[in-house]
file run_25.pdb (PDB, C-alpha atoms and all ligand atoms)
ATOM      1  CA  MET A   1       0.000   0.000   0.000  1.00  0.00           C
ATOM      2  CA  LEU A   2       1.243   3.497  -0.866  1.00  0.00           C
ATOM      3  CA  GLY A   3       2.594   5.397   2.140  1.00  0.00           C
ATOM      4  CA  PRO A   4       4.506   8.595   2.990  1.00  0.00           C
ATOM      5  CA  GLN A   5       7.820   6.691   2.884  1.00  0.00           C
ATOM      6  CA  HIS A   6       7.514   6.190  -0.894  1.00  0.00           C
ATOM      7  CA  ASP A   7       9.236   8.699  -3.192  1.00  0.00           C
ATOM      8  CA  ARG A   8       6.747   9.379  -5.963  1.00  0.00           C
ATOM      9  CA  ALA A   9       8.406  12.463  -7.437  1.00  0.00           C
ATOM     10  CA  SER A  10      10.605  10.628  -9.932  1.00  0.00           C
ATOM     11  CA  PHE A  11       7.964   8.166 -11.168  1.00  0.00           C
ATOM     12  CA  GLU A  12       7.441   8.446 -14.926  1.00  0.00           C
ATOM     13  CA  SER A  13       5.363   6.021 -16.953  1.00  0.00           C
ATOM     14  CA  GLY A  14       5.359   8.318 -19.980  1.00  0.00           C
ATOM     15  CA  VAL A  15       1.606   8.877 -19.647  1.00  0.00           C
ATOM     16  CA  GLY A  16       1.090  12.324 -18.120  1.00  0.00           C
ATOM     17  CA  PRO A  17      -2.315  11.792 -16.447  1.00  0.00           C
ATOM     18  CA  LEU A  18      -1.164   8.517 -14.806  1.00  0.00           C
ATOM     19  CA  ASP A  19       2.018  10.203 -13.503  1.00  0.00           C
ATOM     20  CA  ARG A  20       0.221  13.322 -12.260  1.00  0.00           C
ATOM     21  CA  TYR A  21      -2.408  11.202 -10.536  1.00  0.00           C
ATOM     22  CA  PHE A  22       0.264   9.170  -8.760  1.00  0.00           C
ATOM     23  CA  ARG A  23       2.265  12.194  -7.633  1.00  0.00           C
ATOM     24  CA  THR A  24      -0.550  14.499  -6.574  1.00  0.00           C
ATOM     25  CA  GLN A  25      -3.797  12.600  -6.038  1.00  0.00           C
ATOM     26  CA  ALA A  26      -3.127   8.989  -5.050  1.00  0.00           C
ATOM     27  CA  GLY A  27      -2.224   9.815  -1.422  1.00  0.00           C
ATOM     28  CA  GLN A  28      -5.385  11.828  -0.910  1.00  0.00           C
ATOM     29  CA  ASP A  29      -7.540   9.154  -2.582  1.00  0.00           C
ATOM     30  CA  ALA A  30      -6.081   6.626  -0.139  1.00  0.00           C
ATOM     31  CA  ARG A  31      -6.739   8.844   2.894  1.00  0.00           C
ATOM     32  CA  LYS A  32     -10.329   9.583   1.808  1.00  0.00           C
ATOM     33  CA  ASN A  33     -11.095   5.941   0.933  1.00  0.00           C
ATOM     34  CA  MET A  34     -11.678   6.756  -2.740  1.00  0.00           C
ATOM     35  CA  ALA A  35      -9.116   4.280  -4.059  1.00  0.00           C
ATOM     36  CA  ALA A  36      -6.463   1.944  -2.670  1.00  0.00           C
ATOM     37  CA  PRO A  37      -3.076   2.523  -4.372  1.00  0.00           C
ATOM     38  CA  PHE A  38      -0.525  -0.303  -4.281  1.00  0.00           C
ATOM     39  CA  VAL A  39       3.120   0.109  -5.280  1.00  0.00           C
ATOM     40  CA  LEU A  40       5.836  -2.246  -6.479  1.00  0.00           C
ATOM     41  CA  VAL A  41       9.074  -1.166  -4.774  1.00  0.00           C
ATOM     42  CA  LEU A  42      12.436  -2.415  -6.064  1.00  0.00           C
ATOM     43  CA  PRO A  43      15.228  -3.407  -3.641  1.00  0.00           C
ATOM     44  CA  ASP A  44      16.917  -0.008  -4.134  1.00  0.00           C
ATOM     45  CA  GLY A  45      13.726   1.742  -2.985  1.00  0.00           C
ATOM     46  CA  THR A  46      12.576   3.060  -6.363  1.00  0.00           C
ATOM     47  CA  ILE A  47       8.966   2.567  -7.396  1.00  0.00           C
ATOM     48  CA  ALA A  48       8.671   0.348 -10.479  1.00  0.00           C
ATOM     49  CA  GLY A  49       4.897   0.637 -10.815  1.00  0.00           C
ATOM     50  CA  TYR A  50       1.554   1.129  -9.144  1.00  0.00           C
ATOM     51  CA  TYR A  51      -2.119   0.308  -9.460  1.00  0.00           C
ATOM     52  CA  THR A  52      -5.337   1.359  -7.737  1.00  0.00           C
ATOM     53  CA  LEU A  53      -8.396  -0.625  -6.725  1.00  0.00           C
ATOM     54  CA  SER A  54     -11.827   0.591  -5.687  1.00  0.00           C
ATOM     55  CA  SER A  55     -15.406  -0.571  -5.587  1.00  0.00           C
ATOM     56  CA  THR A  56     -17.718   0.207  -8.470  1.00  0.00           C
ATOM     57  CA  ALA A  57     -20.991  -0.910 -10.013  1.00  0.00           C
ATOM     58  CA  VAL A  58     -21.921  -1.227 -13.674  1.00  0.00           C
ATOM     59  CA  ASN A  59     -25.450  -0.842 -15.048  1.00  0.00           C
ATOM     60  CA  VAL A  60     -26.888  -4.182 -16.030  1.00  0.00           C
ATOM     61  CA  GLY A  61     -27.543  -2.879 -19.560  1.00  0.00           C
ATOM     62  CA  GLU A  62     -23.843  -2.312 -20.247  1.00  0.00           C
ATOM     63  CA  TRP A  63     -22.806  -5.969 -19.948  1.00  0.00           C
ATOM     64  CA  PRO A  64     -22.859  -8.458 -22.833  1.00  0.00           C
ATOM     65  CA  ALA A  65     -26.285 -10.128 -22.985  1.00  0.00           C
ATOM     66  CA  GLN A  66     -24.803 -13.595 -22.630  1.00  0.00           C
ATOM     67  CA  THR A  67     -23.023 -12.519 -19.430  1.00  0.00           C
ATOM     68  CA  VAL A  68     -26.075 -11.080 -17.651  1.00  0.00           C
ATOM     69  CA  ARG A  69     -28.453 -13.786 -18.837  1.00  0.00           C
ATOM     70  CA  LYS A  70     -27.294 -16.018 -15.994  1.00  0.00           C
ATOM     71  CA  LEU A  71     -27.443 -13.283 -13.318  1.00  0.00           C
ATOM     72  CA  PRO A  72     -30.293 -12.142 -11.037  1.00  0.00           C
ATOM     73  CA  ARG A  73     -32.076  -9.075 -12.413  1.00  0.00           C
ATOM     74  CA  TYR A  74     -30.391  -6.336 -10.386  1.00  0.00           C
ATOM     75  CA  PRO A  75     -30.038  -2.876 -11.979  1.00  0.00           C
ATOM     76  CA  LEU A  76     -26.405  -2.563 -10.874  1.00  0.00           C
ATOM     77  CA  ILE A  77     -23.806  -5.321 -10.952  1.00  0.00           C
ATOM     78  CA  PRO A  78     -21.095  -4.987  -8.288  1.00  0.00           C
ATOM     79  CA  ALA A  79     -17.536  -4.929  -9.577  1.00  0.00           C
ATOM     80  CA  THR A  80     -13.965  -4.018  -8.627  1.00  0.00           C
ATOM     81  CA  LEU A  81     -12.359  -1.153 -10.534  1.00  0.00           C
ATOM     82  CA  LEU A  82      -8.694  -1.418 -11.464  1.00  0.00           C
ATOM     83  CA  GLY A  83      -8.652   2.335 -11.981  1.00  0.00           C
ATOM     84  CA  ARG A  84      -5.019   2.846 -12.919  1.00  0.00           C
ATOM     85  CA  LEU A  85      -1.992   0.693 -13.598  1.00  0.00           C
ATOM     86  CA  ALA A  86       1.384   2.006 -14.715  1.00  0.00           C
ATOM     87  CA  VAL A  87       5.011   0.932 -14.840  1.00  0.00           C
ATOM     88  CA  ASP A  88       7.892   3.422 -14.819  1.00  0.00           C
ATOM     89  CA  GLN A  89       9.225   3.643 -18.371  1.00  0.00           C
ATOM     90  CA  ARG A  90      12.747   2.763 -17.194  1.00  0.00           C
ATOM     91  CA  HIS A  91      11.325  -0.594 -16.096  1.00  0.00           C
ATOM     92  CA  GLN A  92       8.763  -1.377 -18.804  1.00  0.00           C
ATOM     93  CA  GLY A  93       9.046  -4.674 -20.678  1.00  0.00           C
ATOM     94  CA  ASN A  94      10.432  -6.571 -17.667  1.00  0.00           C
ATOM     95  CA  GLY A  95       7.217  -8.290 -16.660  1.00  0.00           C
ATOM     96  CA  TYR A  96       6.304  -5.800 -13.919  1.00  0.00           C
ATOM     97  CA  GLY A  97       3.047  -4.804 -15.640  1.00  0.00           C
ATOM     98  CA  ARG A  98       1.879  -8.388 -15.777  1.00  0.00           C
ATOM     99  CA  PHE A  99       3.051  -8.900 -12.178  1.00  0.00           C
ATOM    100  CA  LEU A 100       1.104  -5.851 -10.967  1.00  0.00           C
ATOM    101  CA  LEU A 101      -1.994  -7.005 -12.842  1.00  0.00           C
ATOM    102  CA  ALA A 102      -1.742 -10.489 -11.299  1.00  0.00           C
ATOM    103  CA  ASP A 103      -1.289  -8.904  -7.862  1.00  0.00           C
ATOM    104  CA  ALA A 104      -4.384  -6.737  -8.396  1.00  0.00           C
ATOM    105  CA  LEU A 105      -6.467  -9.706  -9.566  1.00  0.00           C
ATOM    106  CA  TYR A 106      -5.340 -11.783  -6.608  1.00  0.00           C
ATOM    107  CA  ARG A 107      -6.209  -8.987  -4.194  1.00  0.00           C
ATOM    108  CA  ALA A 108      -9.626  -8.612  -5.843  1.00  0.00           C
ATOM    109  CA  VAL A 109     -10.448 -12.308  -5.775  1.00  0.00           C
ATOM    110  CA  SER A 110      -9.261 -12.630  -2.178  1.00  0.00           C
ATOM    111  CA  SER A 111     -11.717 -10.031  -0.882  1.00  0.00           C
ATOM    112  CA  GLU A 112     -14.722 -11.194   1.111  1.00  0.00           C
ATOM    113  CA  ILE A 113     -16.810  -8.423  -0.469  1.00  0.00           C
ATOM    114  CA  ALA A 114     -18.769  -9.856  -3.396  1.00  0.00           C
ATOM    115  CA  SER A 115     -17.816  -8.512  -6.800  1.00  0.00           C
ATOM    116  CA  PHE A 116     -18.859  -9.978 -10.139  1.00  0.00           C
ATOM    117  CA  ALA A 117     -15.806  -8.891 -12.160  1.00  0.00           C
ATOM    118  CA  VAL A 118     -12.708  -6.728 -12.306  1.00  0.00           C
ATOM    119  CA  ILE A 119     -13.226  -3.728 -14.627  1.00  0.00           C
ATOM    120  CA  VAL A 120     -10.571  -1.637 -16.386  1.00  0.00           C
ATOM    121  CA  ASP A 121     -10.835   1.536 -18.444  1.00  0.00           C
ATOM    122  CA  ALA A 122      -7.965   1.217 -20.907  1.00  0.00           C
ATOM    123  CA  LYS A 123      -6.684   4.649 -21.846  1.00  0.00           C
ATOM    124  CA  ASP A 124      -5.839   3.725 -25.448  1.00  0.00           C
ATOM    125  CA  GLU A 125      -5.530   0.866 -27.949  1.00  0.00           C
ATOM    126  CA  ASN A 126      -2.149  -0.232 -26.573  1.00  0.00           C
ATOM    127  CA  ALA A 127      -3.520  -0.536 -23.068  1.00  0.00           C
ATOM    128  CA  ARG A 128      -6.550  -2.395 -24.428  1.00  0.00           C
ATOM    129  CA  ARG A 129      -4.265  -4.912 -26.141  1.00  0.00           C
ATOM    130  CA  PHE A 130      -2.309  -5.371 -22.900  1.00  0.00           C
ATOM    131  CA  TYR A 131      -5.527  -6.310 -21.056  1.00  0.00           C
ATOM    132  CA  GLU A 132      -6.925  -8.441 -23.873  1.00  0.00           C
ATOM    133  CA  ARG A 133      -3.757 -10.525 -23.843  1.00  0.00           C
ATOM    134  CA  GLU A 134      -4.562 -11.220 -20.205  1.00  0.00           C
ATOM    135  CA  SER A 135      -8.080 -12.484 -21.117  1.00  0.00           C
ATOM    136  CA  PHE A 136     -10.092  -9.305 -20.400  1.00  0.00           C
ATOM    137  CA  LEU A 137     -13.256  -8.961 -22.522  1.00  0.00           C
ATOM    138  CA  PRO A 138     -14.618  -5.686 -23.939  1.00  0.00           C
ATOM    139  CA  PHE A 139     -18.026  -4.260 -23.030  1.00  0.00           C
ATOM    140  CA  PRO A 140     -20.300  -4.005 -26.081  1.00  0.00           C
ATOM    141  CA  ASP A 141     -20.006  -0.560 -27.731  1.00  0.00           C
ATOM    142  CA  GLN A 142     -17.264   0.465 -25.251  1.00  0.00           C
ATOM    143  CA  PRO A 143     -14.114  -1.181 -26.612  1.00  0.00           C
ATOM    144  CA  LEU A 144     -11.814   0.524 -24.104  1.00  0.00           C
ATOM    145  CA  LYS A 145     -13.812  -0.672 -21.107  1.00  0.00           C
ATOM    146  CA  LEU A 146     -13.031  -4.306 -20.295  1.00  0.00           C
ATOM    147  CA  PHE A 147     -13.891  -6.874 -17.666  1.00  0.00           C
ATOM    148  CA  LEU A 148     -12.700 -10.205 -16.346  1.00  0.00           C
ATOM    149  CA  PRO A 149     -15.306 -12.222 -14.401  1.00  0.00           C
ATOM    150  CA  MET A 150     -14.308 -13.035 -10.831  1.00  0.00           C
ATOM    151  CA  ALA A 151     -15.136 -16.696 -11.512  1.00  0.00           C
ATOM    152  CA  ASP A 152     -12.443 -16.748 -14.234  1.00  0.00           C
ATOM    153  CA  ILE A 153      -9.976 -15.016 -11.901  1.00  0.00           C
ATOM    154  CA  ALA A 154     -10.663 -17.627  -9.236  1.00  0.00           C
ATOM    155  CA  GLU A 155      -9.856 -20.340 -11.820  1.00  0.00           C
ATOM    156  CA  LEU A 156      -6.536 -18.612 -12.612  1.00  0.00           C
ATOM    157  CA  PHE A 157      -5.439 -18.848  -8.972  1.00  0.00           C
ATOM    158  CA  LYS A 158      -6.773 -22.298  -8.219  1.00  0.00           C
TER     159      LYS A 158
HETATM  160  C1  LIG B 201       1.054  -1.166 -20.223  1.00  0.00           C
HETATM  161  C2  LIG B 201       2.100  -1.386 -19.133  1.00  0.00           C
HETATM  162  C3  LIG B 201       1.419  -1.355 -17.756  1.00  0.00           C
HETATM  163  C4  LIG B 201       2.757  -2.756 -19.345  1.00  0.00           C
HETATM  164  O1  LIG B 201       3.739  -2.943 -18.343  1.00  0.00           O
HETATM  165  P1  LIG B 201       5.132  -3.655 -18.706  1.00  0.00           P
HETATM  166  O2  LIG B 201       5.846  -3.908 -17.430  1.00  0.00           O
HETATM  167  O3  LIG B 201       5.821  -2.850 -19.727  1.00  0.00           O
HETATM  168  O4  LIG B 201       4.596  -5.010 -19.367  1.00  0.00           O
HETATM  169  P2  LIG B 201       5.154  -6.481 -19.144  1.00  0.00           P
HETATM  170  O5  LIG B 201       6.646  -6.443 -19.285  1.00  0.00           O
HETATM  171  O6  LIG B 201       4.622  -7.043 -17.880  1.00  0.00           O
HETATM  172  O7  LIG B 201       4.515  -7.214 -20.371  1.00  0.00           O
HETATM  173  C5  LIG B 201       3.426  -8.084 -20.239  1.00  0.00           C
HETATM  174  C6  LIG B 201       2.971  -8.512 -21.591  1.00  0.00           C
HETATM  175  O8  LIG B 201       2.226  -7.462 -22.195  1.00  0.00           O
HETATM  176  C7  LIG B 201       2.829  -7.058 -23.408  1.00  0.00           C
HETATM  177  N1  LIG B 201       2.702  -5.632 -23.466  1.00  0.00           N
HETATM  178  C8  LIG B 201       3.337  -4.722 -22.696  1.00  0.00           C
HETATM  179  N2  LIG B 201       2.948  -3.487 -23.039  1.00  0.00           N
HETATM  180  C9  LIG B 201       2.049  -3.621 -24.015  1.00  0.00           C
HETATM  181  C10 LIG B 201       1.310  -2.712 -24.787  1.00  0.00           C
HETATM  182  N3  LIG B 201       1.407  -1.400 -24.603  1.00  0.00           N
HETATM  183  N4  LIG B 201       0.487  -3.210 -25.739  1.00  0.00           N
HETATM  184  C11 LIG B 201       0.377  -4.542 -25.920  1.00  0.00           C
HETATM  185  N5  LIG B 201       1.058  -5.461 -25.226  1.00  0.00           N
HETATM  186  C12 LIG B 201       1.887  -4.997 -24.288  1.00  0.00           C
HETATM  187  C13 LIG B 201       4.266  -7.524 -23.344  1.00  0.00           C
HETATM  188  O9  LIG B 201       4.794  -7.768 -24.639  1.00  0.00           O
HETATM  189  C14 LIG B 201       4.138  -8.797 -22.534  1.00  0.00           C
HETATM  190  O10 LIG B 201       3.741  -9.892 -23.307  1.00  0.00           O
HETATM  191  P3  LIG B 201       4.774 -11.118 -23.584  1.00  0.00           P
HETATM  192  O11 LIG B 201       5.233 -11.577 -22.238  1.00  0.00           O
HETATM  193  O12 LIG B 201       3.933 -12.104 -24.307  1.00  0.00           O
HETATM  194  O13 LIG B 201       5.858 -10.483 -24.394  1.00  0.00           O
HETATM  195  C15 LIG B 201       3.237  -0.333 -19.178  1.00  0.00           C
HETATM  196  O14 LIG B 201       3.850  -0.365 -20.436  1.00  0.00           O
HETATM  197  C16 LIG B 201       2.777   1.086 -18.874  1.00  0.00           C
HETATM  198  O15 LIG B 201       2.731   1.487 -17.718  1.00  0.00           O
HETATM  199  N6  LIG B 201       2.452   1.868 -19.918  1.00  0.00           N
HETATM  200  C17 LIG B 201       2.033   3.229 -19.732  1.00  0.00           C
HETATM  201  C18 LIG B 201       0.739   3.329 -18.956  1.00  0.00           C
HETATM  202  C19 LIG B 201      -0.375   2.471 -19.512  1.00  0.00           C
HETATM  203  O16 LIG B 201      -0.580   2.398 -20.729  1.00  0.00           O
HETATM  204  N7  LIG B 201      -1.132   1.827 -18.612  1.00  0.00           N
HETATM  205  C20 LIG B 201      -2.226   0.930 -18.979  1.00  0.00           C
HETATM  206  C21 LIG B 201      -3.390   1.079 -18.065  1.00  0.00           C
HETATM  207  S1  LIG B 201      -4.486   2.411 -18.568  1.00  0.00           S
END
call {"tool": "encode", "arguments": {"input": "run_25.pdb", "output": "structure tokens", "more": "lines below"}}
Ligand SMILES: CC(C)(COP(=O)(O)OP(=O)(O)OC[C@H]1O[C@@H](n2cnc3c(N)ncnc32)[C@H](O)[C@@H]1OP(=O)(O)O)[C@@H](O)C(=O)NCCC(=O)NCCS
result
Amino acid sequence: MLGPQHDRASFESGVGPLDRYFRTQAGQDARKNMAAPFVLVLPDGTIAGYYTLSSTAVNVGEWPAQTVRKLPRYPLIPATLLGRLAVDQRHQGNGYGRFLLADALYRAVSSEIASFAVIVDAKDENARRFYERESFLPFPDQPLKLFLPMADIAELFK
């Protein structure tokens, strides 16, 4: 979990909004219970990457029909939002992104709070491809919004 001991000033993923969020907003979001930021710290103390998790809910009408067909008819489906995920550009391509994603999925599936799926809002096509490689599925008509059912995540960690 992100704390005051972590030096965020030099973190640079190359994506301005993700860097600004991490440097200026993530601490406050943690304190106000808006999002839980988690960091990957290397042995020398530098931060290789981070992600955030929070609770969300997605209107039943947004999900693929075949997904909601098997669910009770609630207007909102509970989910876990992987709001942001970024790796410092000096450390990209070393497997840290996949590691952080696996860590986030494990944390989500380990919670005792029910959640139907993990949701991500990919910021562009590259990010979408990153998540699709890890089995995330797009929402109909919202190709940059993807989900992975918690039941599938549980299978991954069985
Ligand atoms: C996307 C990101 C998190 C990936 O992290 P990373 O540490 O570089 O990725 P990894 O080394 O763990 O790679 C995991 C796999 O995804 C692939 N991959 C990495 N970045 C990718 C991208 N932008 N598009 C498609 N695939 C990608 C890798 O090739 C690798 O697959 P392989 O093992 O089959 O070769 C990182 O590049 C990043 O922070 N980018 C800027 C911010 C961003 O786009 N965040 C996405 C969330 S909105």
call {"tool": "resolve_selection", "arguments": {"input": "run_25.pdb", "expression": "the PyMOL selection byres (((not hetatm)) within 12 of (chain B and resi 201))", "output": "PyMOL selection string"}}
result
chain A and resi 11-19+21-22+40+48-52+81-103+119-135+144-146
call {"tool": "closest_residue", "arguments": {"input": "run_25.pdb", "among": "A:Gly45, A:Pro143, A:Pro72, A:Pro78", "to": "Val58 (chain A)", "atoms": "all atoms listed in the file"}}
result
A:Pro78
call {"tool": "resolve_selection", "arguments": {"input": "run_25.pdb", "expression": "the PyMOL selection byres (((chain A and resi 117) around 6) and not hetatm)", "output": "count of residues only"}}
result
7
call {"tool": "axis_aligned_box", "arguments": {"input": "run_25.pdb", "around": "region 75-91 of chain A", "padding_each_side": "3 Å", "output": "lines of an AutoDock Vina configuration file"}}
result
center_x = -8.6
center_y = -0.8
center_z = -13.3
size_x = 48.8
size_y = 15.0
size_z = 16.1
call {"tool": "residues_around", "arguments": {"input": "run_25.pdb", "residues": "Pro140 (chain A)", "least_positions_apart": "5", "cutoff": "9 Å", "atoms": "all atoms listed in the file", "output": "mmCIF file with C-alpha atoms, keeping the file's coordinate frame"}}
result
data_model
loop_
_atom_site.group_PDB
_atom_site.id
_atom_site.type_symbol
_atom_site.label_atom_id
_atom_site.label_comp_id
_atom_site.auth_asym_id
_atom_site.auth_seq_id
_atom_site.Cartn_x
_atom_site.Cartn_y
_atom_site.Cartn_z
ATOM 1 C CA GLU A 62 -23.843 -2.312 -20.247
ATOM 2 C CA TRP A 63 -22.806 -5.969 -19.948
ATOM 3 C CA PRO A 64 -22.859 -8.458 -22.833
ATOM 4 C CA LYS A 145 -13.812 -0.672 -21.107
#
call {"tool": "atom_distance", "arguments": {"input": "run_25.pdb", "atom1": "CA of Arg23 (chain A)", "atom2": "CA of Asp7 (chain A)"}}
result
9.0 Å
call {"tool": "atom_distance", "arguments": {"input": "run_25.pdb", "atom1": "CA of Tyr106 (chain A)", "atom2": "CA of Glu155 (chain A)"}}
result
11.0 Å
call {"tool": "resolve_selection", "arguments": {"input": "run_25.pdb", "expression": "the PyMOL selection byres (((chain A and resi 5) around 12) and not hetatm)", "output": "list in words"}}
result
Met1, Leu2, Gly3, Pro4, His6, Asp7, Arg8, Ala9, Gly27, Val39, Val41, Gly45, Thr46 and Ile47 of chain A
call {"tool": "atom_distance", "arguments": {"input": "run_25.pdb", "atom1": "CA of Pro75 (chain A)", "atom2": "CA of Asp141 (chain A)"}}
result
18.8 Å
call {"tool": "decode", "arguments": {"input": "run_25.pdb", "residues": "region 64-81 of chain A", "atoms": "N, CA and C atoms", "output": "CSV table (one decimal), in the first residue's frame"}}
result
chain,number,residue,atom,x,y,z
A,64,PRO,N,-22.4,-7.6,-21.7
A,64,PRO,CA,-22.9,-8.5,-22.8
A,64,PRO,C,-24.1,-9.3,-22.4
A,65,ALA,N,-25.0,-9.4,-23.3
A,65,ALA,CA,-26.3,-10.1,-23.0
A,65,ALA,C,-26.0,-11.5,-22.4
A,66,GLN,N,-25.0,-12.2,-23.1
A,66,GLN,CA,-24.8,-13.6,-22.6
A,66,GLN,C,-24.2,-13.7,-21.2
A,67,THR,N,-23.6,-12.6,-20.8
A,67,THR,CA,-23.0,-12.5,-19.4
A,67,THR,C,-24.1,-12.3,-18.4
A,68,VAL,N,-25.1,-11.4,-18.7
A,68,VAL,CA,-26.1,-11.1,-17.7
A,68,VAL,C,-27.2,-12.1,-17.7
A,69,ARG,N,-27.3,-12.8,-18.7
A,69,ARG,CA,-28.5,-13.8,-18.8
A,69,ARG,C,-28.5,-14.7,-17.6
A,70,LYS,N,-27.3,-15.1,-17.1
A,70,LYS,CA,-27.3,-16.0,-16.0
A,70,LYS,C,-27.4,-15.3,-14.6
A,71,LEU,N,-27.5,-14.0,-14.6
A,71,LEU,CA,-27.4,-13.3,-13.3
A,71,LEU,C,-28.8,-12.9,-12.8
A,72,PRO,N,-29.0,-12.7,-11.5
A,72,PRO,CA,-30.3,-12.1,-11.0
A,72,PRO,C,-30.5,-10.7,-11.6
A,73,ARG,N,-31.8,-10.3,-11.7
A,73,ARG,CA,-32.1,-9.1,-12.4
A,73,ARG,C,-31.9,-7.9,-11.5
A,74,TYR,N,-30.7,-7.5,-11.2
A,74,TYR,CA,-30.4,-6.3,-10.4
A,74,TYR,C,-30.0,-5.2,-11.4
A,75,PRO,N,-30.4,-4.0,-11.0
A,75,PRO,CA,-30.0,-2.9,-12.0
A,75,PRO,C,-28.5,-2.6,-12.0
A,76,LEU,N,-27.8,-2.8,-10.9
A,76,LEU,CA,-26.4,-2.6,-10.9
A,76,LEU,C,-25.7,-3.8,-10.5
A,77,ILE,N,-24.6,-4.1,-11.2
A,77,ILE,CA,-23.8,-5.3,-11.0
A,77,ILE,C,-22.5,-4.9,-10.2
A,78,PRO,N,-22.3,-5.4,-9.0
A,78,PRO,CA,-21.1,-5.0,-8.3
A,78,PRO,C,-19.8,-5.5,-9.0
A,79,ALA,N,-18.8,-4.6,-8.9
A,79,ALA,CA,-17.5,-4.9,-9.6
A,79,ALA,C,-16.4,-4.2,-8.8
A,80,THR,N,-15.2,-4.6,-9.2
A,80,THR,CA,-14.0,-4.0,-8.6
A,80,THR,C,-13.3,-3.3,-9.7
A,81,LEU,N,-13.0,-2.0,-9.5
A,81,LEU,CA,-12.4,-1.2,-10.5
A,81,LEU,C,-10.8,-1.1,-10.4
